[in-house]
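Listing of work-v5.cif; format and content: mmCIF, N, CA and C atoms.
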```cif
data_input
loop_
_atom_site.group_PDB
_atom_site.id
_atom_site.type_symbol
_atom_site.label_atom_id
_atom_site.label_comp_id
_atom_site.auth_asym_id
_atom_site.auth_seq_id
_atom_site.Cartn_x
_atom_site.Cartn_y
_atom_site.Cartn_z
ATOM 1 N N MET A 1 0.835 -1.186 0.000
ATOM 2 C CA MET A 1 0.000 0.000 0.000
ATOM 3 C C MET A 1 0.878 1.248 0.000
ATOM 4 N N SER A 2 0.488 2.187 -0.784
ATOM 5 C CA SER A 2 1.253 3.413 -0.878
ATOM 6 C C SER A 2 0.787 4.470 0.124
ATOM 7 N N GLY A 3 -0.308 4.224 0.819
ATOM 8 C CA GLY A 3 -0.819 5.191 1.780
ATOM 9 C C GLY A 3 -1.789 6.185 1.176
ATOM 10 N N ARG A 4 -2.007 6.111 -0.114
ATOM 11 C CA ARG A 4 -2.948 7.032 -0.753
ATOM 12 C C ARG A 4 -4.370 6.539 -0.548
ATOM 13 N N THR A 5 -5.255 7.465 -0.410
ATOM 14 C CA THR A 5 -6.661 7.096 -0.265
ATOM 15 C C THR A 5 -7.335 7.134 -1.618
ATOM 16 N N GLN A 6 -8.369 6.374 -1.750
ATOM 17 C CA GLN A 6 -9.106 6.317 -3.007
ATOM 18 C C GLN A 6 -10.076 7.489 -3.128
ATOM 19 N N ALA A 7 -10.523 8.039 -1.989
ATOM 20 C CA ALA A 7 -11.489 9.139 -2.034
ATOM 21 C C ALA A 7 -10.800 10.427 -2.471
ATOM 22 N N ARG A 8 -11.462 11.144 -3.345
ATOM 23 C CA ARG A 8 -10.921 12.421 -3.806
ATOM 24 C C ARG A 8 -11.322 13.515 -2.821
ATOM 25 N N ALA A 9 -10.469 14.443 -2.644
ATOM 26 C CA ALA A 9 -10.772 15.567 -1.770
ATOM 27 C C ALA A 9 -11.766 16.491 -2.470
ATOM 28 N N CYS A 10 -12.780 16.927 -1.746
ATOM 29 C CA CYS A 10 -13.737 17.852 -2.349
ATOM 30 C C CYS A 10 -13.317 19.272 -1.973
ATOM 31 N N PRO A 11 -13.454 20.202 -2.897
ATOM 32 C CA PRO A 11 -13.051 21.576 -2.611
ATOM 33 C C PRO A 11 -13.936 22.200 -1.537
ATOM 34 N N GLU A 12 -13.320 23.000 -0.677
ATOM 35 C CA GLU A 12 -14.049 23.688 0.378
ATOM 36 C C GLU A 12 -14.000 25.188 0.147
ATOM 37 N N ARG A 13 -15.059 25.867 0.570
ATOM 38 C CA ARG A 13 -15.135 27.311 0.500
ATOM 39 C C ARG A 13 -15.659 27.813 1.844
ATOM 40 N N THR A 14 -15.507 29.091 2.099
ATOM 41 C CA THR A 14 -15.979 29.701 3.332
ATOM 42 C C THR A 14 -17.205 30.549 3.042
ATOM 43 N N CYS A 15 -18.244 30.355 3.833
ATOM 44 C CA CYS A 15 -19.465 31.154 3.722
ATOM 45 C C CYS A 15 -19.141 32.560 4.221
ATOM 46 N N VAL A 16 -19.459 33.579 3.422
ATOM 47 C CA VAL A 16 -19.162 34.947 3.825
ATOM 48 C C VAL A 16 -20.117 35.440 4.915
ATOM 49 N N GLY A 17 -21.195 34.717 5.165
ATOM 50 C CA GLY A 17 -22.137 35.107 6.210
ATOM 51 C C GLY A 17 -21.727 34.597 7.571
ATOM 52 N N CYS A 18 -21.659 33.279 7.731
ATOM 53 C CA CYS A 18 -21.359 32.688 9.032
ATOM 54 C C CYS A 18 -19.881 32.362 9.207
ATOM 55 N N ARG A 19 -19.090 32.497 8.144
ATOM 56 C CA ARG A 19 -17.646 32.247 8.161
ATOM 57 C C ARG A 19 -17.285 30.790 8.455
ATOM 58 N N GLU A 20 -18.197 29.854 8.189
ATOM 59 C CA GLU A 20 -17.914 28.434 8.362
ATOM 60 C C GLU A 20 -17.475 27.845 7.036
ATOM 61 N N ARG A 21 -16.541 26.909 7.097
ATOM 62 C CA ARG A 21 -16.084 26.225 5.900
ATOM 63 C C ARG A 21 -17.042 25.070 5.602
ATOM 64 N N ALA A 22 -17.317 24.887 4.314
ATOM 65 C CA ALA A 22 -18.212 23.811 3.888
ATOM 66 C C ALA A 22 -17.796 23.375 2.491
ATOM 67 N N ALA A 23 -18.309 22.242 2.077
ATOM 68 C CA ALA A 23 -18.028 21.757 0.728
ATOM 69 C C ALA A 23 -18.594 22.750 -0.283
ATOM 70 N N LYS A 24 -17.875 22.934 -1.356
ATOM 71 C CA LYS A 24 -18.282 23.882 -2.395
ATOM 72 C C LYS A 24 -19.680 23.571 -2.912
ATOM 73 N N SER A 25 -20.024 22.300 -2.986
ATOM 74 C CA SER A 25 -21.333 21.903 -3.500
ATOM 75 C C SER A 25 -22.474 22.254 -2.542
ATOM 76 N N ASP A 26 -22.161 22.496 -1.257
ATOM 77 C CA ASP A 26 -23.192 22.847 -0.281
ATOM 78 C C ASP A 26 -23.460 24.344 -0.220
ATOM 79 N N LEU A 27 -22.635 25.132 -0.891
ATOM 80 C CA LEU A 27 -22.759 26.585 -0.843
ATOM 81 C C LEU A 27 -23.268 27.127 -2.171
ATOM 82 N N LEU A 28 -23.813 28.335 -2.133
ATOM 83 C CA LEU A 28 -24.315 29.012 -3.325
ATOM 84 C C LEU A 28 -23.316 30.089 -3.722
ATOM 85 N N ARG A 29 -22.910 30.076 -4.977
ATOM 86 C CA ARG A 29 -21.963 31.081 -5.470
ATOM 87 C C ARG A 29 -22.720 32.347 -5.833
ATOM 88 N N ILE A 30 -22.161 33.481 -5.443
ATOM 89 C CA ILE A 30 -22.745 34.787 -5.712
ATOM 90 C C ILE A 30 -21.750 35.585 -6.545
ATOM 91 N N VAL A 31 -22.229 36.256 -7.589
ATOM 92 C CA VAL A 31 -21.379 37.131 -8.395
ATOM 93 C C VAL A 31 -22.027 38.510 -8.462
ATOM 94 N N ALA A 32 -21.213 39.513 -8.743
ATOM 95 C CA ALA A 32 -21.718 40.881 -8.888
ATOM 96 C C ALA A 32 -21.886 41.190 -10.366
ATOM 97 N N ILE A 33 -23.107 41.537 -10.743
ATOM 98 C CA ILE A 33 -23.400 41.982 -12.104
ATOM 99 C C ILE A 33 -24.002 43.366 -11.976
ATOM 100 N N GLU A 34 -23.361 44.338 -12.621
ATOM 101 C CA GLU A 34 -23.709 45.750 -12.438
ATOM 102 C C GLU A 34 -23.537 46.079 -10.954
ATOM 103 N N ASP A 35 -24.595 46.507 -10.296
ATOM 104 C CA ASP A 35 -24.535 46.828 -8.868
ATOM 105 C C ASP A 35 -25.426 45.905 -8.056
ATOM 106 N N ALA A 36 -25.548 44.647 -8.466
ATOM 107 C CA ALA A 36 -26.422 43.710 -7.773
ATOM 108 C C ALA A 36 -25.714 42.377 -7.563
ATOM 109 N N CYS A 37 -26.056 41.724 -6.464
ATOM 110 C CA CYS A 37 -25.575 40.369 -6.195
ATOM 111 C C CYS A 37 -26.540 39.402 -6.874
ATOM 112 N N VAL A 38 -25.999 38.508 -7.677
ATOM 113 C CA VAL A 38 -26.817 37.574 -8.443
ATOM 114 C C VAL A 38 -26.394 36.149 -8.085
ATOM 115 N N PRO A 39 -27.365 35.258 -7.811
ATOM 116 C CA PRO A 39 -27.006 33.871 -7.535
ATOM 117 C C PRO A 39 -26.492 33.173 -8.794
ATOM 118 N N ASP A 40 -25.516 32.315 -8.603
ATOM 119 C CA ASP A 40 -24.928 31.552 -9.705
ATOM 120 C C ASP A 40 -24.913 30.070 -9.312
ATOM 121 N N PRO A 41 -26.078 29.404 -9.363
ATOM 122 C CA PRO A 41 -26.145 28.012 -8.887
ATOM 123 C C PRO A 41 -25.283 27.040 -9.693
ATOM 124 N N ARG A 42 -25.069 27.322 -10.978
ATOM 125 C CA ARG A 42 -24.251 26.420 -11.793
ATOM 126 C C ARG A 42 -22.766 26.728 -11.668
ATOM 127 N N GLY A 43 -22.446 27.905 -11.169
ATOM 128 C CA GLY A 43 -21.046 28.281 -10.980
ATOM 129 C C GLY A 43 -20.322 28.598 -12.272
ATOM 130 N N THR A 44 -21.046 29.102 -13.262
ATOM 131 C CA THR A 44 -20.437 29.338 -14.568
ATOM 132 C C THR A 44 -20.369 30.802 -14.982
ATOM 133 N N LEU A 45 -20.967 31.702 -14.199
ATOM 134 C CA LEU A 45 -20.934 33.111 -14.570
ATOM 135 C C LEU A 45 -19.512 33.656 -14.419
ATOM 136 N N PRO A 46 -19.113 34.562 -15.288
ATOM 137 C CA PRO A 46 -17.750 35.089 -15.204
ATOM 138 C C PRO A 46 -17.588 36.050 -14.029
ATOM 139 N N GLY A 47 -16.380 36.193 -13.598
ATOM 140 C CA GLY A 47 -16.064 37.149 -12.556
ATOM 141 C C GLY A 47 -15.790 36.507 -11.220
ATOM 142 N N ARG A 48 -15.475 37.361 -10.282
ATOM 143 C CA ARG A 48 -15.139 36.926 -8.940
ATOM 144 C C ARG A 48 -16.403 36.450 -8.242
ATOM 145 N N GLY A 49 -16.287 35.412 -7.451
ATOM 146 C CA GLY A 49 -17.437 34.867 -6.751
ATOM 147 C C GLY A 49 -17.246 34.843 -5.249
ATOM 148 N N ALA A 50 -18.353 34.907 -4.535
ATOM 149 C CA ALA A 50 -18.383 34.744 -3.088
ATOM 150 C C ALA A 50 -19.366 33.611 -2.805
ATOM 151 N N TYR A 51 -19.167 32.927 -1.710
ATOM 152 C CA TYR A 51 -20.013 31.777 -1.395
ATOM 153 C C TYR A 51 -20.782 32.018 -0.109
ATOM 154 N N VAL A 52 -22.034 31.557 -0.091
ATOM 155 C CA VAL A 52 -22.892 31.702 1.073
ATOM 156 C C VAL A 52 -23.771 30.456 1.161
ATOM 157 N N HIS A 53 -24.113 30.062 2.396
ATOM 158 C CA HIS A 53 -25.052 28.953 2.555
ATOM 159 C C HIS A 53 -26.403 29.381 1.974
ATOM 160 N N PRO A 54 -27.136 28.481 1.361
ATOM 161 C CA PRO A 54 -28.435 28.861 0.787
ATOM 162 C C PRO A 54 -29.506 29.006 1.869
ATOM 163 N N ALA A 55 -29.250 29.907 2.822
ATOM 164 C CA ALA A 55 -30.173 30.173 3.925
ATOM 165 C C ALA A 55 -30.250 31.681 4.132
ATOM 166 N N VAL A 56 -31.427 32.163 4.475
ATOM 167 C CA VAL A 56 -31.627 33.591 4.667
ATOM 168 C C VAL A 56 -30.811 34.095 5.859
ATOM 169 N N VAL A 57 -30.589 33.246 6.849
ATOM 170 C CA VAL A 57 -29.823 33.644 8.030
ATOM 171 C C VAL A 57 -28.400 34.036 7.636
ATOM 172 N N CYS A 58 -27.752 33.226 6.829
ATOM 173 C CA CYS A 58 -26.391 33.537 6.386
ATOM 174 C C CYS A 58 -26.374 34.766 5.486
ATOM 175 N N LEU A 59 -27.402 34.927 4.666
ATOM 176 C CA LEU A 59 -27.485 36.107 3.812
ATOM 177 C C LEU A 59 -27.599 37.368 4.667
ATOM 178 N N ASP A 60 -28.443 37.324 5.705
ATOM 179 C CA ASP A 60 -28.596 38.476 6.591
ATOM 180 C C ASP A 60 -27.286 38.821 7.291
ATOM 181 N N GLN A 61 -26.546 37.805 7.728
ATOM 182 C CA GLN A 61 -25.260 38.053 8.383
ATOM 183 C C GLN A 61 -24.271 38.682 7.416
ATOM 184 N N ALA A 62 -24.256 38.209 6.182
ATOM 185 C CA ALA A 62 -23.332 38.748 5.188
ATOM 186 C C ALA A 62 -23.668 40.206 4.866
ATOM 187 N N VAL A 63 -24.954 40.528 4.770
ATOM 188 C CA VAL A 63 -25.361 41.903 4.484
ATOM 189 C C VAL A 63 -25.008 42.802 5.670
ATOM 190 N N ARG A 64 -25.265 42.331 6.876
ATOM 191 C CA ARG A 64 -24.979 43.122 8.076
ATOM 192 C C ARG A 64 -23.480 43.397 8.215
ATOM 193 N N ARG A 65 -22.652 42.416 7.861
ATOM 194 C CA ARG A 65 -21.199 42.562 7.966
ATOM 195 C C ARG A 65 -20.578 43.259 6.754
ATOM 196 N N ARG A 66 -21.414 43.582 5.749
ATOM 197 C CA ARG A 66 -20.942 44.187 4.491
ATOM 198 C C ARG A 66 -19.900 43.302 3.821
ATOM 199 N N ALA A 67 -20.168 42.010 3.797
ATOM 200 C CA ALA A 67 -19.201 41.044 3.281
ATOM 201 C C ALA A 67 -19.196 40.965 1.754
ATOM 202 N N PHE A 68 -20.327 41.207 1.107
ATOM 203 C CA PHE A 68 -20.371 41.060 -0.353
ATOM 204 C C PHE A 68 -19.499 42.071 -1.087
ATOM 205 N N PRO A 69 -19.586 43.358 -0.771
ATOM 206 C CA PRO A 69 -18.692 44.298 -1.483
ATOM 207 C C PRO A 69 -17.211 43.979 -1.256
ATOM 208 N N ARG A 70 -16.877 43.536 -0.051
ATOM 209 C CA ARG A 70 -15.487 43.207 0.260
ATOM 210 C C ARG A 70 -15.039 41.949 -0.485
ATOM 211 N N ALA A 71 -15.857 40.900 -0.450
ATOM 212 C CA ALA A 71 -15.480 39.639 -1.083
ATOM 213 C C ALA A 71 -15.458 39.750 -2.604
ATOM 214 N N LEU A 72 -16.361 40.544 -3.155
ATOM 215 C CA LEU A 72 -16.452 40.681 -4.608
ATOM 216 C C LEU A 72 -15.636 41.859 -5.132
ATOM 217 N N ARG A 73 -14.964 42.561 -4.218
ATOM 218 C CA ARG A 73 -14.108 43.704 -4.553
ATOM 219 C C ARG A 73 -14.876 44.764 -5.349
ATOM 220 N N SER A 74 -16.013 45.131 -4.811
ATOM 221 C CA SER A 74 -16.852 46.143 -5.434
ATOM 222 C C SER A 74 -16.616 47.480 -4.734
ATOM 223 N N ALA A 75 -16.699 48.550 -5.482
ATOM 224 C CA ALA A 75 -16.425 49.870 -4.927
ATOM 225 C C ALA A 75 -17.549 50.346 -4.003
ATOM 226 N N GLY A 76 -18.785 50.067 -4.347
ATOM 227 C CA GLY A 76 -19.914 50.559 -3.552
ATOM 228 C C GLY A 76 -20.768 49.426 -3.025
ATOM 229 N N ALA A 77 -21.898 49.807 -2.447
ATOM 230 C CA ALA A 77 -22.835 48.826 -1.911
ATOM 231 C C ALA A 77 -23.495 48.055 -3.056
ATOM 232 N N LEU A 78 -23.853 46.813 -2.773
ATOM 233 C CA LEU A 78 -24.491 45.955 -3.772
ATOM 234 C C LEU A 78 -25.927 45.665 -3.356
ATOM 235 N N ASP A 79 -26.824 45.607 -4.325
ATOM 236 C CA ASP A 79 -28.227 45.305 -4.080
ATOM 237 C C ASP A 79 -28.399 43.802 -3.928
ATOM 238 N N THR A 80 -29.029 43.373 -2.839
ATOM 239 C CA THR A 80 -29.206 41.944 -2.584
ATOM 240 C C THR A 80 -30.668 41.511 -2.675
ATOM 241 N N ALA A 81 -31.539 42.350 -3.226
ATOM 242 C CA ALA A 81 -32.971 42.036 -3.292
ATOM 243 C C ALA A 81 -33.235 40.793 -4.146
ATOM 244 N N GLU A 82 -32.587 40.693 -5.314
ATOM 245 C CA GLU A 82 -32.786 39.527 -6.183
ATOM 246 C C GLU A 82 -32.272 38.251 -5.523
ATOM 247 N N LEU A 83 -31.159 38.367 -4.845
ATOM 248 C CA LEU A 83 -30.579 37.223 -4.140
ATOM 249 C C LEU A 83 -31.494 36.759 -3.013
ATOM 250 N N ARG A 84 -32.031 37.706 -2.242
ATOM 251 C CA ARG A 84 -32.945 37.361 -1.148
ATOM 252 C C ARG A 84 -34.194 36.673 -1.693
ATOM 253 N N LYS A 85 -34.742 37.191 -2.802
ATOM 254 C CA LYS A 85 -35.933 36.590 -3.410
ATOM 255 C C LYS A 85 -35.652 35.155 -3.853
ATOM 256 N N ALA A 86 -34.479 34.916 -4.440
ATOM 257 C CA ALA A 86 -34.130 33.578 -4.889
ATOM 258 C C ALA A 86 -33.989 32.616 -3.707
ATOM 259 N N LEU A 87 -33.401 33.078 -2.613
ATOM 260 C CA LEU A 87 -33.240 32.210 -1.440
ATOM 261 C C LEU A 87 -34.580 31.905 -0.770
ATOM 262 N N VAL A 88 -35.464 32.893 -0.708
ATOM 263 C CA VAL A 88 -36.781 32.672 -0.117
ATOM 264 C C VAL A 88 -37.593 31.715 -0.983
ATOM 265 N N ASP A 89 -37.519 31.884 -2.302
ATOM 266 C CA ASP A 89 -38.233 30.979 -3.211
ATOM 267 C C ASP A 89 -37.718 29.546 -3.081
ATOM 268 N N GLU A 90 -36.397 29.397 -2.970
ATOM 269 C CA GLU A 90 -35.809 28.066 -2.836
ATOM 270 C C GLU A 90 -36.198 27.427 -1.512
ATOM 271 N N ALA A 91 -36.220 28.209 -0.444
ATOM 272 C CA ALA A 91 -36.592 27.691 0.870
ATOM 273 C C ALA A 91 -38.068 27.291 0.896
ATOM 274 N N GLY A 92 -38.917 28.044 0.183
ATOM 275 C CA GLY A 92 -40.335 27.711 0.133
ATOM 276 C C GLY A 92 -40.619 26.484 -0.722
ATOM 277 N N ALA A 93 -39.774 26.223 -1.710
ATOM 278 C CA ALA A 93 -39.984 25.083 -2.590
ATOM 279 C C ALA A 93 -39.533 23.775 -1.953
ATOM 280 N N THR A 94 -38.593 23.858 -1.002
ATOM 281 C CA THR A 94 -38.085 22.644 -0.354
ATOM 282 C C THR A 94 -38.990 22.295 0.835
ATOM 283 N N PRO A 95 -39.438 21.065 0.882
ATOM 284 C CA PRO A 95 -40.336 20.682 2.002
ATOM 285 C C PRO A 95 -39.604 20.552 3.304
#
```

Kindly transcribe the structure held in the file into structure tokens.
Amino acid sequence: MSGRTQARACPERTCVGCRERAAKSDLLRIVAIEDACVPDPRGTLPGRGAYVHPAVVCLDQAVRRRAFPRALRSAGALDTAELRKALVDEAGATP
């Protein structure tokens, strides 16, 4: 045995809201388009991304801490209304 494991390591990211590390697949990628935070569930939109748990609690913490402009390197405040609507819709759709 060479000591190598068969399991592949999964990439981890840090939630900008609660600052907890989690698997990349468990977090929602957020990108800045114009002056708004937009969810990127497929992870294919161009530009710098920030990650947040798909929960309104983490979104509220990130907004309160002003984490999105810092993580996305934006000059001014970012609108999170579309992001909040998407998270509420997703939470309502899941039983």

*asked:* Using Å and a single decimal, report how far atom CA of A:Arg64 sits from atom CA of A:Gly47.
replied: 23.3 Å

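Here the question is which of A:Arg84, A:Arg42, A:Arg70, A:Arg29 gets nearest to A:Val57 using only C-alpha atoms, and that residue is A:Arg84.
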
*asked:* What would the selection look like, as a ChimeraX atom specification, if the PyMOL selection byres ((chain A and resi 54) around 6.5) were run on the coordinates I just shared?
replied: /A:26-28,52-53,55-56,87

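Counting from atom N of A:Lys24, the distance to atom CA of A:Leu59 is 17.1 Å.
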
Can you list, as a short mmCIF file (atom, residue, chain, number, x, y, z; two decimals) with N, CA and C atoms, in the frame of the given file, every residue of chain A that DSSP puts in helix (DSSP H, G or I)?
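Output file states36.cif is given in full below:
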```cif
data_model
loop_
_atom_site.label_atom_id
_atom_site.label_comp_id
_atom_site.auth_asym_id
_atom_site.auth_seq_id
_atom_site.Cartn_x
_atom_site.Cartn_y
_atom_site.Cartn_z
N LYS A 24 -17.88 22.93 -1.36
CA LYS A 24 -18.28 23.88 -2.40
C LYS A 24 -19.68 23.57 -2.91
N SER A 25 -20.02 22.30 -2.99
CA SER A 25 -21.33 21.90 -3.50
C SER A 25 -22.47 22.25 -2.54
N ASP A 26 -22.16 22.50 -1.26
CA ASP A 26 -23.19 22.85 -0.28
C ASP A 26 -23.46 24.34 -0.22
N VAL A 56 -31.43 32.16 4.47
CA VAL A 56 -31.63 33.59 4.67
C VAL A 56 -30.81 34.10 5.86
N VAL A 57 -30.59 33.25 6.85
CA VAL A 57 -29.82 33.64 8.03
C VAL A 57 -28.40 34.04 7.64
N CYS A 58 -27.75 33.23 6.83
CA CYS A 58 -26.39 33.54 6.39
C CYS A 58 -26.37 34.77 5.49
N LEU A 59 -27.40 34.93 4.67
CA LEU A 59 -27.48 36.11 3.81
C LEU A 59 -27.60 37.37 4.67
N ASP A 60 -28.44 37.32 5.70
CA ASP A 60 -28.60 38.48 6.59
C ASP A 60 -27.29 38.82 7.29
N GLN A 61 -26.55 37.80 7.73
CA GLN A 61 -25.26 38.05 8.38
C GLN A 61 -24.27 38.68 7.42
N ALA A 62 -24.26 38.21 6.18
CA ALA A 62 -23.33 38.75 5.19
C ALA A 62 -23.67 40.21 4.87
N VAL A 63 -24.95 40.53 4.77
CA VAL A 63 -25.36 41.90 4.48
C VAL A 63 -25.01 42.80 5.67
N ARG A 64 -25.26 42.33 6.88
CA ARG A 64 -24.98 43.12 8.08
C ARG A 64 -23.48 43.40 8.22
N ALA A 67 -20.17 42.01 3.80
CA ALA A 67 -19.20 41.04 3.28
C ALA A 67 -19.20 40.96 1.75
N PHE A 68 -20.33 41.21 1.11
CA PHE A 68 -20.37 41.06 -0.35
C PHE A 68 -19.50 42.07 -1.09
N PRO A 69 -19.59 43.36 -0.77
CA PRO A 69 -18.69 44.30 -1.48
C PRO A 69 -17.21 43.98 -1.26
N ARG A 70 -16.88 43.54 -0.05
CA ARG A 70 -15.49 43.21 0.26
C ARG A 70 -15.04 41.95 -0.48
N ALA A 71 -15.86 40.90 -0.45
CA ALA A 71 -15.48 39.64 -1.08
C ALA A 71 -15.46 39.75 -2.60
N ALA A 81 -31.54 42.35 -3.23
CA ALA A 81 -32.97 42.04 -3.29
C ALA A 81 -33.24 40.79 -4.15
N GLU A 82 -32.59 40.69 -5.31
CA GLU A 82 -32.79 39.53 -6.18
C GLU A 82 -32.27 38.25 -5.52
N LEU A 83 -31.16 38.37 -4.84
CA LEU A 83 -30.58 37.22 -4.14
C LEU A 83 -31.49 36.76 -3.01
N ARG A 84 -32.03 37.71 -2.24
CA ARG A 84 -32.94 37.36 -1.15
C ARG A 84 -34.19 36.67 -1.69
N LYS A 85 -34.74 37.19 -2.80
CA LYS A 85 -35.93 36.59 -3.41
C LYS A 85 -35.65 35.16 -3.85
N ALA A 86 -34.48 34.92 -4.44
CA ALA A 86 -34.13 33.58 -4.89
C ALA A 86 -33.99 32.62 -3.71
N LEU A 87 -33.40 33.08 -2.61
CA LEU A 87 -33.24 32.21 -1.44
C LEU A 87 -34.58 31.90 -0.77
N VAL A 88 -35.46 32.89 -0.71
CA VAL A 88 -36.78 32.67 -0.12
C VAL A 88 -37.59 31.72 -0.98
N ASP A 89 -37.52 31.88 -2.30
CA ASP A 89 -38.23 30.98 -3.21
C ASP A 89 -37.72 29.55 -3.08
N GLU A 90 -36.40 29.40 -2.97
CA GLU A 90 -35.81 28.07 -2.84
C GLU A 90 -36.20 27.43 -1.51
N ALA A 91 -36.22 28.21 -0.44
CA ALA A 91 -36.59 27.69 0.87
C ALA A 91 -38.07 27.29 0.90
N GLY A 92 -38.92 28.04 0.18
CA GLY A 92 -40.34 27.71 0.13
C GLY A 92 -40.62 26.48 -0.72
N ALA A 93 -39.77 26.22 -1.71
CA ALA A 93 -39.98 25.08 -2.59
C ALA A 93 -39.53 23.78 -1.95
#
```

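Counting from atom C of A:Asp60, the distance to atom N of A:Cys18 is 7.9 Å.
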
*Assign secondary structure with DSSP using the backbone only, and return the residues of stretch 41-92 of chain A in strand (DSSP E or B) as number ranges by chain.*
A: 49-52, 79

_Proximity to A:Thr80 - best of A:Cys37, A:Ala62, A:Val31, A:Leu45, all atoms listed in the file_ =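 Nearest candidate to A:Thr80 out of A:Cys37, A:Ala62, A:Val31, A:Leu45: A:Cys37.
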
_Nearest residue to A:Asp35 from the set A:Glu12, A:Asp79, A:Glu20, A:Asp89 (distances using all atoms listed in the file)_ =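 Once distances to A:Asp35 are computed over all atoms listed in the file, the minimum belongs to A:Asp79.
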
_A:Gly76 environment, 12 Å, only C-alpha atoms, sequence neighbours closer than 5 positions dropped, as a list in words_ = Ala32, Glu34, Asp35, Ala36, Cys37, Arg66, Ala67, Phe68, Pro69 and Arg70 of chain A

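Across A:Ala86, A:Leu72, A:Leu78, A:Cys15, the tightest approach to A:Tyr51 is made by A:Cys15 when counting only C-alpha atoms.
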
*asked:* Using only N, CA and C atoms for the distances, tell me which of A:Arg73, A:Gly43, A:Cys10, A:Arg48 is nearest to A:Ala23.
replied: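 The closest residue to A:Ala23 is A:Cys10.
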
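If you measure from each of A:Ala91, A:Ala75, A:Val63, A:Leu83 to A:Gly17 using all atoms listed in the file, the closest one turns out to be A:Val63.
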
Take the structure in the block and write a file for stretch 17-59 of chain A, C-alpha atoms, as a PDB file, in the first residue's frame.
```
ATOM      1  CA  GLY A  17     -22.137  35.107   6.210  1.00  0.00           C
ATOM      2  CA  CYS A  18     -21.359  32.688   9.032  1.00  0.00           C
ATOM      3  CA  ARG A  19     -17.646  32.247   8.161  1.00  0.00           C
ATOM      4  CA  GLU A  20     -17.914  28.434   8.362  1.00  0.00           C
ATOM      5  CA  ARG A  21     -16.084  26.225   5.900  1.00  0.00           C
ATOM      6  CA  ALA A  22     -18.212  23.811   3.888  1.00  0.00           C
ATOM      7  CA  ALA A  23     -18.028  21.757   0.728  1.00  0.00           C
ATOM      8  CA  LYS A  24     -18.282  23.882  -2.395  1.00  0.00           C
ATOM      9  CA  SER A  25     -21.333  21.903  -3.500  1.00  0.00           C
ATOM     10  CA  ASP A  26     -23.192  22.847  -0.281  1.00  0.00           C
ATOM     11  CA  LEU A  27     -22.759  26.585  -0.843  1.00  0.00           C
ATOM     12  CA  LEU A  28     -24.315  29.012  -3.325  1.00  0.00           C
ATOM     13  CA  ARG A  29     -21.963  31.081  -5.470  1.00  0.00           C
ATOM     14  CA  ILE A  30     -22.745  34.787  -5.712  1.00  0.00           C
ATOM     15  CA  VAL A  31     -21.379  37.131  -8.395  1.00  0.00           C
ATOM     16  CA  ALA A  32     -21.718  40.881  -8.888  1.00  0.00           C
ATOM     17  CA  ILE A  33     -23.400  41.982 -12.104  1.00  0.00           C
ATOM     18  CA  GLU A  34     -23.709  45.750 -12.438  1.00  0.00           C
ATOM     19  CA  ASP A  35     -24.535  46.828  -8.868  1.00  0.00           C
ATOM     20  CA  ALA A  36     -26.422  43.710  -7.773  1.00  0.00           C
ATOM     21  CA  CYS A  37     -25.575  40.369  -6.195  1.00  0.00           C
ATOM     22  CA  VAL A  38     -26.817  37.574  -8.443  1.00  0.00           C
ATOM     23  CA  PRO A  39     -27.006  33.871  -7.535  1.00  0.00           C
ATOM     24  CA  ASP A  40     -24.928  31.552  -9.705  1.00  0.00           C
ATOM     25  CA  PRO A  41     -26.145  28.012  -8.887  1.00  0.00           C
ATOM     26  CA  ARG A  42     -24.251  26.420 -11.793  1.00  0.00           C
ATOM     27  CA  GLY A  43     -21.046  28.281 -10.980  1.00  0.00           C
ATOM     28  CA  THR A  44     -20.437  29.338 -14.568  1.00  0.00           C
ATOM     29  CA  LEU A  45     -20.934  33.111 -14.570  1.00  0.00           C
ATOM     30  CA  PRO A  46     -17.750  35.089 -15.204  1.00  0.00           C
ATOM     31  CA  GLY A  47     -16.064  37.149 -12.556  1.00  0.00           C
ATOM     32  CA  ARG A  48     -15.139  36.926  -8.940  1.00  0.00           C
ATOM     33  CA  GLY A  49     -17.437  34.867  -6.751  1.00  0.00           C
ATOM     34  CA  ALA A  50     -18.383  34.744  -3.088  1.00  0.00           C
ATOM     35  CA  TYR A  51     -20.013  31.777  -1.395  1.00  0.00           C
ATOM     36  CA  VAL A  52     -22.892  31.702   1.073  1.00  0.00           C
ATOM     37  CA  HIS A  53     -25.052  28.953   2.555  1.00  0.00           C
ATOM     38  CA  PRO A  54     -28.435  28.861   0.787  1.00  0.00           C
ATOM     39  CA  ALA A  55     -30.173  30.173   3.925  1.00  0.00           C
ATOM     40  CA  VAL A  56     -31.627  33.591   4.667  1.00  0.00           C
ATOM     41  CA  VAL A  57     -29.823  33.644   8.030  1.00  0.00           C
ATOM     42  CA  CYS A  58     -26.391  33.537   6.386  1.00  0.00           C
ATOM     43  CA  LEU A  59     -27.485  36.107   3.812  1.00  0.00           C
TER      44      LEU A  59
END
```
